[in-house]
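Novice: One file is attached below, my_file16.csv, containing CSV, C-alpha atoms and all ligand atoms.
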```csv
chain,number,residue,atom,x,y,z
A,265,MET,CA,74.0,-76.9,200.3
A,266,ILE,CA,71.2,-79.5,200.0
A,267,ILE,CA,68.3,-79.7,202.4
A,268,VAL,CA,66.8,-83.1,202.7
A,269,MET,CA,63.2,-83.1,204.0
A,270,LYS,CA,61.9,-86.0,206.0
A,271,LYS,CA,59.9,-88.7,204.1
A,272,PHE,CA,56.4,-87.5,203.5
A,273,ALA,CA,57.1,-84.0,205.0
A,274,GLU,CA,54.0,-81.8,204.9
A,275,ASN,CA,53.6,-79.2,202.2
A,276,THR,CA,53.5,-76.4,204.9
A,277,GLN,CA,56.8,-77.6,206.2
A,278,ILE,CA,58.4,-77.5,202.8
A,279,GLU,CA,56.9,-74.0,202.2
A,280,ARG,CA,58.4,-72.8,205.4
A,281,VAL,CA,61.9,-74.0,204.4
A,282,LEU,CA,61.6,-72.4,201.0
A,283,GLU,CA,60.5,-69.1,202.7
A,284,THR,CA,63.4,-69.2,205.1
A,285,VAL,CA,65.9,-69.8,202.3
A,286,ASN,CA,64.5,-67.0,200.3
A,287,LYS,CA,64.8,-64.6,203.2
A,288,LEU,CA,68.5,-65.4,203.4
A,289,ASP,CA,68.8,-64.1,199.8
A,290,LEU,CA,69.5,-67.5,198.5
A,291,LYS,CA,67.6,-69.4,195.8
A,292,PRO,CA,65.9,-72.7,196.8
A,293,VAL,CA,65.3,-75.2,194.1
A,294,PRO,CA,62.9,-77.9,195.3
A,295,LEU,CA,62.8,-81.4,193.7
A,296,TYR,CA,59.6,-83.1,194.7
A,297,GLY,CA,60.1,-86.8,194.9
A,298,THR,CA,57.4,-89.5,195.5
A,299,GLU,CA,58.5,-90.0,199.1
A,300,ARG,CA,60.9,-87.2,199.8
A,301,THR,CA,61.6,-83.6,198.7
A,302,VAL,CA,65.1,-82.4,198.4
A,303,ILE,CA,65.9,-78.6,198.2
A,304,ALA,CA,69.0,-77.4,196.6
A,305,VAL,CA,70.2,-74.0,197.8
A,306,ILE,CA,71.9,-71.8,195.2
A,307,GLY,CA,74.1,-68.8,196.1
A,308,ASP,CA,76.8,-68.0,198.6
A,309,GLU,CA,75.8,-70.0,201.6
A,310,ARG,CA,78.9,-69.4,203.7
A,311,PRO,CA,77.3,-67.0,206.2
A,312,VAL,CA,74.2,-69.3,206.7
A,313,ASP,CA,73.8,-71.0,210.1
A,314,GLN,CA,73.0,-74.6,209.0
A,315,HIS,CA,71.6,-75.5,212.5
A,316,HIS,CA,68.9,-72.8,212.0
A,317,ILE,CA,67.7,-74.7,208.9
A,318,SER,CA,68.1,-78.2,210.2
A,319,SER,CA,66.0,-77.4,213.2
A,320,LEU,CA,63.0,-76.4,211.1
A,321,PRO,CA,60.1,-78.8,211.3
A,322,GLY,CA,60.1,-81.5,208.6
A,323,VAL,CA,63.9,-81.2,207.8
A,324,ASP,CA,65.8,-84.4,208.0
A,325,LYS,CA,69.3,-83.1,207.4
A,326,VAL,CA,71.3,-80.3,205.8
A,327,MET,CA,74.3,-81.4,203.7
A,328,SER,CA,77.2,-79.8,201.9
A,329,ILE,CA,77.6,-81.8,198.7
A,330,LEU,CA,81.2,-81.9,197.5
A,331,ASP,CA,80.5,-83.2,194.0
A,332,PRO,CA,80.3,-80.4,191.4
A,333,PHE,CA,76.9,-81.9,190.4
A,334,LYS,CA,74.6,-81.8,193.4
A,335,LEU,CA,71.0,-82.7,192.4
A,336,ALA,CA,72.2,-85.6,190.3
A,337,SER,CA,74.6,-86.9,193.0
A,338,ARG,CA,74.1,-90.2,194.8
A,339,ASP,CA,75.1,-88.3,198.0
A,340,THR,CA,72.0,-86.2,197.7
A,341,LYS,CA,69.7,-89.1,197.1
A,342,HIS,CA,70.7,-92.6,197.9
A,343,GLU,CA,67.8,-94.5,196.3
A,344,ASP,CA,67.6,-95.0,192.5
A,345,THR,CA,65.4,-92.6,190.7
A,346,ILE,CA,62.5,-94.2,188.9
A,347,VAL,CA,61.0,-92.1,186.1
A,348,ASP,CA,57.3,-92.7,185.7
A,349,LEU,CA,55.9,-92.4,182.2
A,350,GLY,CA,52.3,-93.2,183.3
A,351,ASP,CA,50.2,-96.3,182.6
A,352,GLY,CA,52.5,-98.4,184.6
A,353,VAL,CA,55.6,-97.7,182.4
A,354,THR,CA,58.7,-96.8,184.3
A,355,VAL,CA,62.4,-96.3,183.7
A,356,GLY,CA,65.0,-97.0,186.4
A,357,GLY,CA,63.3,-99.8,188.4
A,358,LYS,CA,63.8,-103.5,188.2
A,359,LYS,CA,62.4,-103.7,184.7
A,360,ILE,CA,64.8,-103.0,181.8
A,361,ALA,CA,63.3,-100.3,179.6
A,362,MET,CA,63.6,-101.3,176.0
A,363,MET,CA,63.2,-98.2,173.7
A,364,ALA,CA,63.2,-99.4,170.1
A,365,GLY,CA,62.2,-98.1,166.7
A,366,PRO,CA,63.6,-96.4,163.7
A,367,CYS,CA,66.2,-93.6,163.8
A,368,ALA,CA,63.8,-91.4,161.8
A,369,VAL,CA,60.1,-91.5,161.3
A,370,GLU,CA,59.6,-91.9,157.5
A,371,SER,CA,56.1,-93.0,156.7
A,372,GLU,CA,52.9,-94.4,158.2
A,373,THR,CA,53.6,-97.8,156.7
A,374,GLN,CA,57.1,-97.9,158.3
A,375,MET,CA,55.8,-96.8,161.7
A,376,GLU,CA,52.8,-99.2,161.7
A,377,SER,CA,55.0,-102.1,160.9
A,378,ILE,CA,57.6,-101.2,163.6
A,379,ALA,CA,54.9,-100.5,166.2
A,380,SER,CA,53.2,-103.8,165.8
A,381,GLU,CA,56.5,-105.7,165.8
A,382,MET,CA,57.8,-103.9,168.9
A,383,LYS,CA,54.5,-104.4,170.7
A,384,LYS,CA,54.7,-108.1,169.9
A,385,ALA,CA,58.2,-108.2,171.3
A,386,GLY,CA,57.1,-106.7,174.6
A,387,VAL,CA,58.5,-103.2,174.1
A,388,GLN,CA,56.8,-100.3,175.9
A,389,ILE,CA,58.6,-97.3,174.4
A,390,MET,CA,58.9,-96.6,170.7
A,391,ARG,CA,61.6,-94.3,169.4
A,392,GLY,CA,61.5,-92.3,166.1
A,393,GLY,CA,63.2,-89.0,165.2
A,394,ALA,CA,61.2,-86.2,163.6
A,395,TYR,CA,63.9,-83.5,163.8
A,396,LYS,CA,67.2,-85.1,162.9
A,397,PRO,CA,70.4,-83.2,163.6
A,398,ARG,CA,72.6,-84.3,160.7
A,399,THR,CA,76.3,-84.0,160.2
A,400,SER,CA,75.8,-83.2,156.5
A,401,PRO,CA,73.2,-80.5,155.6
A,402,TYR,CA,72.4,-82.7,152.5
A,403,SER,CA,71.1,-85.6,154.6
A,404,PHE,CA,67.5,-86.3,155.5
A,405,GLU,CA,66.5,-84.0,158.3
A,406,GLY,CA,63.3,-85.6,159.4
A,407,LEU,CA,59.6,-85.0,158.7
A,408,GLY,CA,59.3,-82.4,161.4
A,409,SER,CA,55.8,-81.8,162.8
A,410,ASP,CA,54.3,-84.4,160.4
A,411,GLY,CA,56.7,-86.9,161.8
A,412,LEU,CA,55.6,-86.1,165.3
A,413,GLU,CA,52.0,-86.6,164.4
A,414,LEU,CA,52.8,-89.9,162.8
A,415,LEU,CA,54.9,-91.1,165.8
A,416,SER,CA,52.2,-90.2,168.3
A,417,SER,CA,49.2,-91.4,166.4
A,418,VAL,CA,50.7,-94.8,165.6
A,419,ALA,CA,52.1,-95.2,169.2
A,420,LYS,CA,48.7,-94.4,170.6
A,421,ARG,CA,47.0,-97.0,168.4
A,422,HIS,CA,49.4,-99.7,169.7
A,423,GLY,CA,49.5,-98.5,173.3
A,424,LEU,CA,53.2,-97.5,173.2
A,425,LYS,CA,55.0,-94.6,174.9
A,426,THR,CA,57.3,-92.5,172.7
A,427,ILE,CA,60.7,-90.9,172.7
A,428,THR,CA,61.8,-88.4,170.1
A,429,GLU,CA,64.6,-85.8,169.8
A,430,ILE,CA,64.1,-82.1,170.4
A,431,VAL,CA,66.7,-79.8,168.9
A,432,ASP,CA,65.3,-76.3,169.2
A,433,ILE,CA,63.8,-74.4,172.2
A,434,ARG,CA,61.1,-73.1,169.8
A,435,ASP,CA,59.8,-76.7,169.5
A,436,ILE,CA,59.2,-77.3,173.2
A,437,ASP,CA,55.4,-77.1,172.9
A,438,ILE,CA,54.9,-79.1,169.8
A,439,VAL,CA,57.4,-81.9,170.6
A,440,GLY,CA,56.1,-81.9,174.2
A,441,LYS,CA,52.5,-82.4,173.0
A,442,HIS,CA,53.4,-85.5,170.9
A,443,THR,CA,55.9,-87.4,173.0
A,444,ASP,CA,56.4,-88.9,176.4
A,445,ILE,CA,60.2,-88.3,176.6
A,446,PHE,CA,62.3,-85.5,175.3
A,447,GLN,CA,65.5,-86.9,173.8
A,448,ILE,CA,68.5,-84.5,173.9
A,449,GLY,CA,71.1,-85.7,171.4
A,450,THR,CA,74.8,-86.0,171.7
A,451,ARG,CA,75.3,-82.8,169.7
A,452,ASN,CA,73.1,-80.8,172.1
A,453,MET,CA,74.3,-82.1,175.4
A,454,GLN,CA,75.8,-78.7,176.2
A,455,ASN,CA,73.1,-76.6,174.5
A,456,PHE,CA,72.4,-75.0,177.9
A,457,ASN,CA,69.4,-73.0,176.7
A,458,LEU,CA,67.8,-76.2,175.5
A,459,LEU,CA,68.6,-78.0,178.8
A,460,LYS,CA,67.1,-75.1,180.7
A,461,GLU,CA,63.9,-75.1,178.7
A,462,VAL,CA,63.3,-78.8,179.0
A,463,GLY,CA,64.2,-78.4,182.7
A,464,LYS,CA,61.3,-75.9,183.1
A,465,THR,CA,58.8,-78.7,182.0
A,466,GLN,CA,57.9,-81.8,183.9
A,467,LYS,CA,58.3,-84.1,181.0
A,468,PRO,CA,60.9,-86.9,181.3
A,469,VAL,CA,64.2,-86.2,179.5
A,470,LEU,CA,66.7,-88.6,178.1
A,471,LEU,CA,70.0,-86.9,178.0
A,472,LYS,CA,72.6,-88.4,175.6
A,473,ARG,CA,76.3,-88.1,176.5
A,474,GLY,CA,78.2,-85.6,174.3
A,475,MET,CA,80.5,-87.5,172.0
A,476,SER,CA,83.5,-85.8,173.5
A,477,ALA,CA,82.1,-85.1,177.0
A,478,THR,CA,83.7,-86.3,180.2
A,479,ILE,CA,81.4,-88.0,182.8
A,480,LYS,CA,81.6,-84.9,184.9
A,481,GLU,CA,80.5,-82.7,182.0
A,482,PHE,CA,77.7,-85.2,181.3
A,483,LEU,CA,76.4,-85.1,184.9
A,484,LEU,CA,76.7,-81.3,185.0
A,485,ALA,CA,74.5,-81.2,181.9
A,486,ALA,CA,71.9,-83.2,183.8
A,487,GLU,CA,72.3,-80.8,186.6
A,488,HIS,CA,71.3,-77.9,184.3
A,489,ILE,CA,68.0,-79.7,183.6
A,490,MET,CA,67.4,-80.6,187.3
A,491,MET,CA,68.3,-77.1,188.5
A,492,ASN,CA,65.3,-75.8,186.6
A,493,GLY,CA,63.0,-78.0,188.5
A,494,ASN,CA,62.7,-81.2,186.3
A,495,SER,CA,64.2,-84.2,188.1
A,496,LYS,CA,62.9,-86.8,185.6
A,497,VAL,CA,66.2,-87.2,183.9
A,498,MET,CA,67.6,-90.4,182.3
A,499,LEU,CA,71.2,-90.5,181.1
A,500,CYS,CA,72.3,-92.3,178.0
A,501,GLU,CA,75.7,-93.6,177.0
A,502,ARG,CA,75.9,-93.6,173.2
A,503,GLY,CA,79.6,-93.9,172.6
A,504,ILE,CA,82.4,-91.4,172.5
A,505,ARG,CA,85.0,-90.3,169.9
A,506,THR,CA,88.3,-92.2,170.1
A,507,PHE,CA,91.1,-93.0,167.6
A,508,GLU,CA,89.2,-96.2,166.6
A,509,THR,CA,87.5,-96.1,163.2
A,510,GLU,CA,86.2,-99.6,162.9
A,511,THR,CA,83.2,-98.7,165.0
A,512,ARG,CA,81.2,-95.5,164.6
A,513,ASN,CA,82.0,-94.5,168.2
A,514,THR,CA,83.6,-96.4,171.1
A,515,LEU,CA,81.0,-97.7,173.6
A,516,ALA,CA,82.3,-96.8,177.0
A,517,LEU,CA,80.5,-99.4,179.1
A,518,ALA,CA,82.3,-98.6,182.3
A,519,THR,CA,80.1,-95.5,182.3
A,520,VAL,CA,77.2,-97.7,183.4
A,521,PRO,CA,78.5,-98.9,186.8
A,522,LEU,CA,80.3,-95.6,187.3
A,523,ILE,CA,77.1,-93.5,186.8
A,524,LYS,CA,75.5,-95.9,189.3
A,525,GLU,CA,78.2,-95.0,191.9
A,526,LEU,CA,78.0,-91.3,191.2
A,527,SER,CA,74.4,-90.7,190.6
A,528,HIS,CA,70.9,-91.9,191.3
A,529,LEU,CA,69.6,-91.2,187.8
A,530,PRO,CA,68.8,-94.1,185.4
A,531,ILE,CA,71.4,-95.0,182.8
A,532,ILE,CA,70.4,-96.2,179.4
A,533,VAL,CA,72.8,-97.6,176.7
A,534,ASP,CA,72.5,-97.0,172.9
A,535,PRO,CA,74.2,-100.0,171.2
A,536,SER,CA,73.3,-98.6,167.7
A,537,HIS,CA,74.9,-95.2,167.6
A,538,SER,CA,77.8,-96.4,169.8
A,539,THR,CA,78.9,-99.2,167.4
A,540,GLY,CA,77.3,-98.2,164.0
A,541,LYS,CA,77.2,-101.9,163.2
A,542,PRO,CA,74.1,-104.1,163.3
A,543,THR,CA,76.1,-107.2,164.2
A,544,LEU,CA,77.4,-105.6,167.3
A,545,VAL,CA,74.0,-104.5,168.6
A,546,SER,CA,73.0,-107.7,170.3
A,547,PRO,CA,76.3,-108.5,172.0
A,548,MET,CA,76.6,-104.9,173.3
A,549,THR,CA,73.0,-104.9,174.5
A,550,LYS,CA,73.8,-108.0,176.5
A,551,ALA,CA,77.0,-106.5,177.9
A,552,ALA,CA,75.1,-103.3,178.8
A,553,ILE,CA,72.5,-105.2,180.8
A,554,ALA,CA,75.1,-107.3,182.5
A,555,ALA,CA,76.9,-104.0,183.5
A,556,GLY,CA,73.7,-102.7,185.1
A,557,ALA,CA,72.0,-100.6,182.5
A,558,ASP,CA,68.4,-99.6,183.2
A,559,GLY,CA,67.4,-99.6,179.6
A,560,ILE,CA,68.4,-99.8,175.9
A,561,LEU,CA,67.7,-97.4,173.1
A,562,VAL,CA,68.1,-99.3,169.9
A,563,ASP,CA,67.5,-98.6,166.1
A,564,VAL,CA,65.1,-101.1,164.6
A,565,HIS,CA,63.9,-100.7,161.0
A,566,PRO,CA,61.6,-102.9,158.9
A,567,ASN,CA,63.9,-102.5,155.9
A,568,PRO,CA,67.3,-101.1,156.9
A,569,GLN,CA,68.6,-101.0,153.3
A,570,GLU,CA,65.9,-98.4,152.5
A,571,ALA,CA,66.1,-96.4,155.7
A,572,LEU,CA,66.5,-92.6,155.2
A,573,CYS,CA,68.7,-92.3,158.2
A,574,ASP,CA,71.3,-94.6,159.8
A,575,GLY,CA,70.1,-97.7,157.9
A,576,ASP,CA,73.6,-99.2,158.1
A,577,GLN,CA,73.3,-99.6,161.9
A,578,ALA,CA,69.7,-100.6,162.3
A,579,ILE,CA,68.7,-104.2,163.1
A,580,LYS,CA,65.7,-105.9,161.5
A,581,PRO,CA,62.6,-106.8,163.6
A,582,GLU,CA,63.6,-110.5,163.3
A,583,THR,CA,66.9,-109.8,164.9
A,584,PHE,CA,65.2,-107.8,167.6
A,585,HIS,CA,62.8,-110.6,168.5
A,586,LYS,CA,65.8,-113.1,168.7
A,587,LEU,CA,67.6,-110.6,170.9
A,588,MET,CA,64.6,-110.3,173.3
A,589,GLU,CA,64.5,-114.1,173.6
A,590,GLU,CA,68.2,-114.3,174.4
A,591,LEU,CA,67.9,-111.5,177.0
A,592,LYS,CA,65.4,-113.4,179.1
A,593,PRO,CA,67.8,-115.7,181.0
A,594,LEU,CA,70.4,-112.9,181.1
A,595,THR,CA,68.1,-110.3,182.7
A,596,GLU,CA,66.9,-113.0,185.2
A,597,ALA,CA,70.6,-113.8,186.1
A,598,VAL,CA,71.3,-110.2,187.0
A,599,GLY,CA,68.1,-109.8,189.0
A,600,ARG,CA,66.2,-107.7,186.5
A,601,LEU,CA,63.0,-108.1,184.6
A,602,LEU,CA,62.5,-107.7,180.9
A,701,LIG,C1,69.5,-90.6,167.7
A,701,LIG,O1,69.4,-91.4,168.7
A,701,LIG,O2,68.6,-90.6,166.8
A,701,LIG,C2,70.7,-89.8,167.6
A,701,LIG,C3,70.8,-88.8,166.7
A,701,LIG,O3,71.7,-90.1,168.4
A,701,LIG,P1,73.0,-89.3,168.9
A,701,LIG,O4,72.5,-88.0,169.4
A,701,LIG,O5,73.5,-90.2,170.0
A,701,LIG,O6,73.9,-89.2,167.7
A,702,MN,MN,70.6,-92.1,164.2
```
Kindly present the structure from the file in structure tokens form.
Specialist:
Amino acid sequence: MIIVMKKFAENTQIERVLETVNKLDLKPVPLYGTERTVIAVIGDERPVDQHHISSLPGVDKVMSILDPFKLASRDTKHEDTIVDLGDGVTVGGKKIAMMAGPCAVESETQMESIASEMKKAGVQIMRGGAYKPRTSPYSFEGLGSDGLELLSSVAKRHGLKTITEIVDIRDIDIVGKHTDIFQIGTRNMQNFNLLKEVGKTQKPVLLKRGMSATIKEFLLAAEHIMMNGNSKVMLCERGIRTFETETRNTLALATVPLIKELSHLPIIVDPSHSTGKPTLVSPMTKAAIAAGADGILVDVHPNPQEALCDGDQAIKPETFHKLMEELKPLTEAVGRLL
């Protein structure tokens, strides 16, 4: 059951609903929005008299949501969620959020070079992994806390927001201290303890689709985060495993309009990990924006041949600049801003 409060309902009214639900031996999970608060009710609600709750002051309506995911469902919240990163940077509104940078933070020189190029290109959010979950244990696993320090100090100097991956619940504090967005990678989409811990914070989370996850599983993973009180969730399609081996993964672009139908959360596309090929990054970025994506997460490296991680899929800053130019008329045509 979902209790939708009226726009700008008073805190005392919200508190009264929470108390009432608690007294019924059910657990209320409030999601405080900018205009409206929505309260999910967890537990066996069958004996509950819905009219009793809907008649409380400040309550707009009480709904039974049939989707298995409730807080992420478009039925619960009709308007698109806009995630606010502060300083006027948002994800999910009219503006396309470009998140660009190297797969992994490697050195100060590399990060400085990328930060100044990305700033010039109009990017507001820089990516860079410090903890890299690698398929092979012999691959570069990132610079850890030193990488986080580098990412945040360089980003601050250039006035950029940051996104970086978190792989372990023990790193919540340190990663949280250095980044504006927690990235949950494809390999951890169903790491439920990790989802729960980031859900207990109020830091925005970008949740990548598991490489073999269905859309329902993807949305239920988002639900795990939201259920713990954090509604600042962004979804990211990064390609799925299919029989095709010419591309690293198969970019499932229909995910974008489908997520828009099913959920109010922003949807981002990663054209780098989904294709694994630099030549496919620009065309797939354009296709993603045309399909309605709210943002792009892309690997850009000053010198891809020397990258310590995923250099074979990164594009160079020159290519990125050209892409940004080409995106201008396209974003305008689909009613978005770049
Ligand atoms: C990444 O974006 O750095 C990454 C590891 O991606 P994924 O989890 O999609 O493989
Ligand atoms: Mn990578």
Novice: Kindly indicate which residue among A:Ile266, A:Ile448, A:Leu320, A:Val281 lies nearest to Val431 (chain A), using all atoms listed in the file for the distances.
Specialist: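 Checking each candidate against Val431 (chain A), we get A:Ile448 as the closest.
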Novice: Would you list the residues that come within 9 Å of ligand LIG 701 (chain A)? Count all atoms listed in the file and give the answer as JSON, numbers by chain.
Specialist: {"A": [366, 367, 368, 391, 392, 393, 396, 397, 398, 428, 429, 447, 448, 449, 450, 451, 452, 453, 472, 473, 474, 475, 500, 501, 502, 503, 534, 536, 537, 538, 561, 562, 563, 573, 574]}
Novice: For the selection just defined, write its residues with C-alpha atoms to a file, as a short mmCIF file (atom, residue, chain, number, x, y, z; two decimals), in the coordinates of the input.
Specialist:
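To be explicit, this is the file written out as result_21.cif:
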```cif
data_model
loop_
_atom_site.label_atom_id
_atom_site.label_comp_id
_atom_site.auth_asym_id
_atom_site.auth_seq_id
_atom_site.Cartn_x
_atom_site.Cartn_y
_atom_site.Cartn_z
CA PRO A 366 63.60 -96.40 163.70
CA CYS A 367 66.20 -93.60 163.80
CA ALA A 368 63.80 -91.40 161.80
CA ARG A 391 61.60 -94.30 169.40
CA GLY A 392 61.50 -92.30 166.10
CA GLY A 393 63.20 -89.00 165.20
CA LYS A 396 67.20 -85.10 162.90
CA PRO A 397 70.40 -83.20 163.60
CA ARG A 398 72.60 -84.30 160.70
CA THR A 428 61.80 -88.40 170.10
CA GLU A 429 64.60 -85.80 169.80
CA GLN A 447 65.50 -86.90 173.80
CA ILE A 448 68.50 -84.50 173.90
CA GLY A 449 71.10 -85.70 171.40
CA THR A 450 74.80 -86.00 171.70
CA ARG A 451 75.30 -82.80 169.70
CA ASN A 452 73.10 -80.80 172.10
CA MET A 453 74.30 -82.10 175.40
CA LYS A 472 72.60 -88.40 175.60
CA ARG A 473 76.30 -88.10 176.50
CA GLY A 474 78.20 -85.60 174.30
CA MET A 475 80.50 -87.50 172.00
CA CYS A 500 72.30 -92.30 178.00
CA GLU A 501 75.70 -93.60 177.00
CA ARG A 502 75.90 -93.60 173.20
CA GLY A 503 79.60 -93.90 172.60
CA ASP A 534 72.50 -97.00 172.90
CA SER A 536 73.30 -98.60 167.70
CA HIS A 537 74.90 -95.20 167.60
CA SER A 538 77.80 -96.40 169.80
CA LEU A 561 67.70 -97.40 173.10
CA VAL A 562 68.10 -99.30 169.90
CA ASP A 563 67.50 -98.60 166.10
CA CYS A 573 68.70 -92.30 158.20
CA ASP A 574 71.30 -94.60 159.80
#
```
Novice: If I take CA of Thr478 (chain A) and CA of Glu309 (chain A), how far is one from the other in Å, to one decimal?
Specialist: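 A separation of 28.0 Å between them.
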Novice: Go ahead and find all residues with at least one atom no further than 9 Å from (51.5, -101.7, 165.5) in the file's coordinates, using all atoms listed in the file; report them as a short mmCIF file (atom, residue, chain, number, x, y, z; two decimals) with C-alpha atoms, in the frame of the given file.
Specialist:
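Result file selection.cif:
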```
data_model
loop_
_atom_site.label_atom_id
_atom_site.label_comp_id
_atom_site.auth_asym_id
_atom_site.auth_seq_id
_atom_site.Cartn_x
_atom_site.Cartn_y
_atom_site.Cartn_z
CA MET A 375 55.80 -96.80 161.70
CA GLU A 376 52.80 -99.20 161.70
CA SER A 377 55.00 -102.10 160.90
CA ILE A 378 57.60 -101.20 163.60
CA ALA A 379 54.90 -100.50 166.20
CA SER A 380 53.20 -103.80 165.80
CA GLU A 381 56.50 -105.70 165.80
CA MET A 382 57.80 -103.90 168.90
CA LYS A 383 54.50 -104.40 170.70
CA LYS A 384 54.70 -108.10 169.90
CA VAL A 418 50.70 -94.80 165.60
CA ALA A 419 52.10 -95.20 169.20
CA ARG A 421 47.00 -97.00 168.40
CA HIS A 422 49.40 -99.70 169.70
CA GLY A 423 49.50 -98.50 173.30
CA LEU A 424 53.20 -97.50 173.20
#
```
Novice: Can you pull out the residues contacting Arg300 (chain A)? Cut-off 7 Å, using only C-alpha atoms, and skip same-chain residues under 3 positions away; I want them as a list in words.
Specialist: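 Surrounding residues, per the criterion: Met269, Lys270, Lys271, Phe272, Tyr296 and Gly297 of chain A.
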Novice: Considering only C-alpha atoms and all ligand atoms, can you say which of A:Thr399, A:Thr583, A:Ser417, A:Thr519 comes closest to ligand MN 702 (chain A)?
Specialist: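 Of A:Thr399, A:Thr583, A:Ser417, A:Thr519, the one nearest ligand MN 702 (chain A) is A:Thr399, counting only C-alpha atoms and all ligand atoms.
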Novice: Between A:Ile489, A:Ile560, A:Ile433, A:Val369, which residue has the minimum interatomic distance to ligand MN 702 (chain A), considering all atoms listed in the file?
Specialist: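 Result for the nearest residue to ligand MN 702 (chain A): A:Val369.
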Novice: Can you work out which one of A:Thr539, A:Thr340, A:Gln388, A:Gln277 has the shortest atom-to-atom distance to ligand MN 702 (chain A), counting only C-alpha atoms and all ligand atoms?
Specialist: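 Selected residue with least distance to ligand MN 702 (chain A): A:Thr539.
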Novice: Please compute the CA of Thr543 (chain A)-CA of Ala394 (chain A) distance, one decimal, in Å.
Specialist: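 Computed distance, CA of Thr543 (chain A) to CA of Ala394 (chain A), equals 25.8 Å.
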Novice: Tell me, in Å to one decimal, how far CA of Val462 (chain A) is from CA of Met498 (chain A).
Specialist: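 Distance reported for this atom pair: 12.8 Å.
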Novice: So which one's closest to ligand MN 702 (chain A), A:Ile306, A:Ala364, A:Met490, A:Ala551? Using only C-alpha atoms and all ligand atoms, please.
Specialist: A:Ala364
Novice: I want to know what sits within 9 Å of Asn567 (chain A), based on all atoms listed in the file, with residues of the same chain fewer than 6 positions away left out; could you give that as a list in words?
Specialist: Gln374, Gly575, Ala578, Ile579, Lys580 and Pro581 of chain A
Novice: I'd like to know which of A:Ala477, A:Pro311, A:Ile389, A:Met265 is closest to Leu330 (chain A), using all atoms listed in the file.
Specialist: A:Met265
Novice: Applying 7 Å and all atoms listed in the file, which residues near Gly493 (chain A) remain after dropping the ones on its own chain fewer than 4 positions away? List them as a PyMOL selection string.
Specialist: chain A and resi 293-295+463-464
Novice: Excluding region 323-327 of chain A and any residue of its chain fewer than 4 positions from it, enumerate the residues within 12 Å of it, using all atoms listed in the file, and give them as a ChimeraX atom specification.
Specialist: /A:265-282,300-305,309,312-319,331,334-335,339-341
